[in-house]
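Peer 1: Dumping the structure here so I can ask a few things about it.
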Amino acid sequence: MKLIKSLLTKKDEAKIFEWFMEHSLEKIGEILERNKVISFRAEIDGEIVGYVALEMFYGQPHVNYLIVHKKYRLKGIGTKLMEKAFEFGKENGSSFICVSTFSFQAPNFYQKLGFKVDFVRAGYAKNTSLYYLSKPL
């Protein structure tokens, strides 16, 4: 056997998810397709000022990214984007939404939106921690 280090190609990624889907079918009797990442963007006067991107993961939305351009922060844009994410989850019959964020990013912001901390993993570079949060929908 050889172990080969490489960048993940689209072909490799497709094979990995094919195998995950086969395993899902064997274990729970259903193939839960990997959905495309859905995004909502905020624009002001035609300028893009923020994004939220989420992916359905076994029936529940996971926020992959939430970012607002630094000159537009603290103006409610992130909250509006997250409200769209909540709507998307509800429209898809989800019971909760989840997100992971680093300690220097936005754990307090998510908690103000009603997210609860599920766990915190310390030990990342520069003394940072990763927060995993969820919110019932």
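By order in the structure tokens, chains are A, B, ...; within a chain, residues start at 1; ligands start at 1, following the order shown.
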Could you give me, as a tab-separated table (two decimals) with C-alpha atoms, in the first residue's frame, each residue of chain A that DSSP assigns to alpha helix (DSSP H) when run on this structure's backbone?

Peer 2:
chain	number	residue	atom	x	y	z
A	10	LYS	CA	-12.93	17.27	-7.48
A	11	LYS	CA	-12.65	13.62	-8.60
A	12	ASP	CA	-11.35	12.55	-5.17
A	13	GLU	CA	-14.05	14.56	-3.41
A	14	ALA	CA	-16.74	12.92	-5.57
A	15	LYS	CA	-15.38	9.46	-4.68
A	16	ILE	CA	-15.29	10.28	-0.97
A	17	PHE	CA	-18.91	11.42	-0.97
A	18	GLU	CA	-19.98	8.45	-3.08
A	19	TRP	CA	-18.58	6.18	-0.38
A	20	PHE	CA	-20.20	8.23	2.39
A	21	MET	CA	-23.57	7.93	0.64
A	22	GLU	CA	-23.15	4.16	0.27
A	23	HIS	CA	-22.32	3.93	3.98
A	24	SER	CA	-25.35	6.08	4.84
A	25	LEU	CA	-27.61	3.77	2.84
A	26	GLU	CA	-26.19	0.69	4.56
A	27	LYS	CA	-26.46	2.13	8.08
A	28	ILE	CA	-29.68	4.18	8.08
A	77	ILE	CA	-26.47	43.28	8.30
A	78	GLY	CA	-25.19	40.08	9.92
A	79	THR	CA	-28.46	39.74	11.82
A	80	LYS	CA	-30.50	40.17	8.63
A	81	LEU	CA	-28.37	37.56	6.86
A	82	MET	CA	-28.84	35.11	9.71
A	83	GLU	CA	-32.60	35.71	9.65
A	84	LYS	CA	-32.54	34.55	6.02
A	85	ALA	CA	-30.61	31.46	7.13
A	86	PHE	CA	-33.27	30.75	9.79
A	87	GLU	CA	-36.02	31.12	7.19
A	88	PHE	CA	-34.20	28.77	4.84
A	89	GLY	CA	-33.91	26.14	7.58
A	90	LYS	CA	-37.59	26.42	8.51
A	91	GLU	CA	-38.65	26.21	4.85
A	107	PRO	CA	-19.47	33.53	19.43
A	108	ASN	CA	-21.14	36.40	21.30
A	109	PHE	CA	-22.97	37.53	18.15
A	110	TYR	CA	-24.48	34.08	17.66
A	111	GLN	CA	-25.47	33.84	21.32
A	112	LYS	CA	-27.32	37.18	21.00

Peer 1: Smallest atom-to-atom distance to Ser129 in chain A: which of A:Val52, A:Ile38, A:Ala106, A:Ile44, using only C-alpha atoms?

Peer 2: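 Selected residue with least distance to Ser129 in chain A: A:Ala106.
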
Peer 1: State, in Å with one decimal place, the distance from CA of Phe104 in chain A to CA of Lys71 in chain A.

Peer 2: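 Taking CA of Phe104 in chain A and CA of Lys71 in chain A, their separation equals 17.8 Å.
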
Peer 1: Select from range 45-91 of chain A everything DSSP, run on the backbone, classes as strand (DSSP E or B), then give the selection as a list in words.

Peer 2: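 DSSP-assigned strand (DSSP E or B) residues in range 45-91 of chain A: Glu47, Ile48, Val49, Gly50, Tyr51, Val52, Ala53, Leu54, Glu55, Met56, Phe57, Gln60, Pro61, His62, Val63, Asn64, Tyr65, Leu66, Ile67 and Val68 of chain A.
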
Peer 1: CA of Val37 in chain A to CA of Lys135 in chain A: how many Å, to one decimal?

Peer 2: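 A separation of 19.4 Å between them.
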
Peer 1: As an exercise, work out the distance from CA of Ala125 in chain A to CA of Glu55 in chain A in Å and give it to one decimal place.

Peer 2: 26.3 Å

Peer 1: For Met56 in chain A, which residue among A:Lys75, A:Lys5, A:Lys126, A:Lys36 is the nearest when counting only C-alpha atoms?

Peer 2: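 Looking only at the distances to Met56 in chain A, the closest residue turns out to be A:Lys36.
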
Peer 1: Arg41 in chain A: which residues within 7 Å, counting only C-alpha atoms, same-chain residues fewer than 3 positions away excluded, as a list in words?

Peer 2: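 The filter keeps Ile48, Gly50, Tyr51 and Val52 of chain A.
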
Peer 1: Okay, now the selection with N, CA and C atoms, as a PDB file, in the first residue's frame?

Peer 2:
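Output (selection.pdb):
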ATOM      1  N   ILE A  48     -21.751  44.720  -2.799  1.00  0.00           N
ATOM      2  CA  ILE A  48     -21.888  43.560  -1.908  1.00  0.00           C
ATOM      3  C   ILE A  48     -21.217  43.907  -0.587  1.00  0.00           C
ATOM      4  N   GLY A  50     -22.009  41.795   2.429  1.00  0.00           N
ATOM      5  CA  GLY A  50     -21.972  40.644   3.327  1.00  0.00           C
ATOM      6  C   GLY A  50     -22.542  39.391   2.695  1.00  0.00           C
ATOM      7  N   TYR A  51     -22.193  38.265   3.293  1.00  0.00           N
ATOM      8  CA  TYR A  51     -22.653  36.953   2.829  1.00  0.00           C
ATOM      9  C   TYR A  51     -22.951  36.049   4.020  1.00  0.00           C
ATOM     10  N   VAL A  52     -23.910  35.174   3.844  1.00  0.00           N
ATOM     11  CA  VAL A  52     -24.055  33.996   4.681  1.00  0.00           C
ATOM     12  C   VAL A  52     -24.146  32.811   3.718  1.00  0.00           C
TER      13      VAL A  52
END

Peer 1: Considering only C-alpha atoms, return as a PDB file with N, CA and C atoms, in the first residue's frame whatever protein or nucleic-acid residues lie within 7 Å of range 59-66 of chain A, sequence-local ones (same chain, fewer than 5 positions apart) excluded.

Peer 2:
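Written output follows (result_6.pdb):
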ATOM      1  N   TYR A  51     -22.193  38.265   3.293  1.00  0.00           N
ATOM      2  CA  TYR A  51     -22.653  36.953   2.829  1.00  0.00           C
ATOM      3  C   TYR A  51     -22.951  36.049   4.020  1.00  0.00           C
ATOM      4  N   VAL A  52     -23.910  35.174   3.844  1.00  0.00           N
ATOM      5  CA  VAL A  52     -24.055  33.996   4.681  1.00  0.00           C
ATOM      6  C   VAL A  52     -24.146  32.811   3.718  1.00  0.00           C
ATOM      7  N   ALA A  53     -23.402  31.764   4.016  1.00  0.00           N
ATOM      8  CA  ALA A  53     -23.416  30.556   3.186  1.00  0.00           C
ATOM      9  C   ALA A  53     -23.696  29.371   4.102  1.00  0.00           C
ATOM     10  N   LEU A  54     -24.651  28.540   3.698  1.00  0.00           N
ATOM     11  CA  LEU A  54     -24.988  27.387   4.519  1.00  0.00           C
ATOM     12  C   LEU A  54     -25.241  26.166   3.665  1.00  0.00           C
ATOM     13  N   GLY A  89     -33.817  27.373   6.790  1.00  0.00           N
ATOM     14  CA  GLY A  89     -33.914  26.143   7.581  1.00  0.00           C
ATOM     15  C   GLY A  89     -35.354  25.739   7.844  1.00  0.00           C
ATOM     16  N   SER A  94     -36.239  21.937   8.878  1.00  0.00           N
ATOM     17  CA  SER A  94     -35.171  21.669   9.847  1.00  0.00           C
ATOM     18  C   SER A  94     -35.626  22.000  11.258  1.00  0.00           C
ATOM     19  N   SER A  95     -35.073  21.291  12.232  1.00  0.00           N
ATOM     20  CA  SER A  95     -35.428  21.552  13.626  1.00  0.00           C
ATOM     21  C   SER A  95     -34.398  22.420  14.332  1.00  0.00           C
ATOM     22  N   PHE A  96     -33.198  22.541  13.755  1.00  0.00           N
ATOM     23  CA  PHE A  96     -32.186  23.411  14.342  1.00  0.00           C
ATOM     24  C   PHE A  96     -31.218  23.870  13.259  1.00  0.00           C
ATOM     25  N   ILE A  97     -30.409  24.861  13.614  1.00  0.00           N
ATOM     26  CA  ILE A  97     -29.350  25.364  12.747  1.00  0.00           C
ATOM     27  C   ILE A  97     -28.078  25.383  13.593  1.00  0.00           C
ATOM     28  N   CYS A  98     -26.942  25.140  12.977  1.00  0.00           N
ATOM     29  CA  CYS A  98     -25.701  25.123  13.742  1.00  0.00           C
ATOM     30  C   CYS A  98     -24.600  25.902  13.026  1.00  0.00           C
ATOM     31  N   VAL A  99     -23.588  26.255  13.803  1.00  0.00           N
ATOM     32  CA  VAL A  99     -22.471  27.043  13.285  1.00  0.00           C
ATOM     33  C   VAL A  99     -21.240  26.750  14.146  1.00  0.00           C
TER      34      VAL A  99
END

Peer 1: When distances are computed from only C-alpha atoms, which of A:Arg121, A:Glu47, A:Lys116, A:Gly93 shows the smallest separation from Leu137 in chain A?

Peer 2: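 Between A:Arg121, A:Glu47, A:Lys116, A:Gly93, the residue approaching Leu137 in chain A most closely is A:Gly93.
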
Peer 1: Using only C-alpha atoms for the distances, tell me which of A:His69, A:Ala122, A:Ile31, A:Leu74 is nearest to Val49 in chain A.

Peer 2: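 Under the stated criterion, the closest residue is A:His69.
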
Peer 1: Between A:Phe115, A:Tyr72, A:Leu133, A:Asn127, which has the minimum distance to Thr101 in chain A (counting only C-alpha atoms)?

Peer 2: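 When distances to Thr101 in chain A are compared using only C-alpha atoms, the smallest one comes from A:Leu133.
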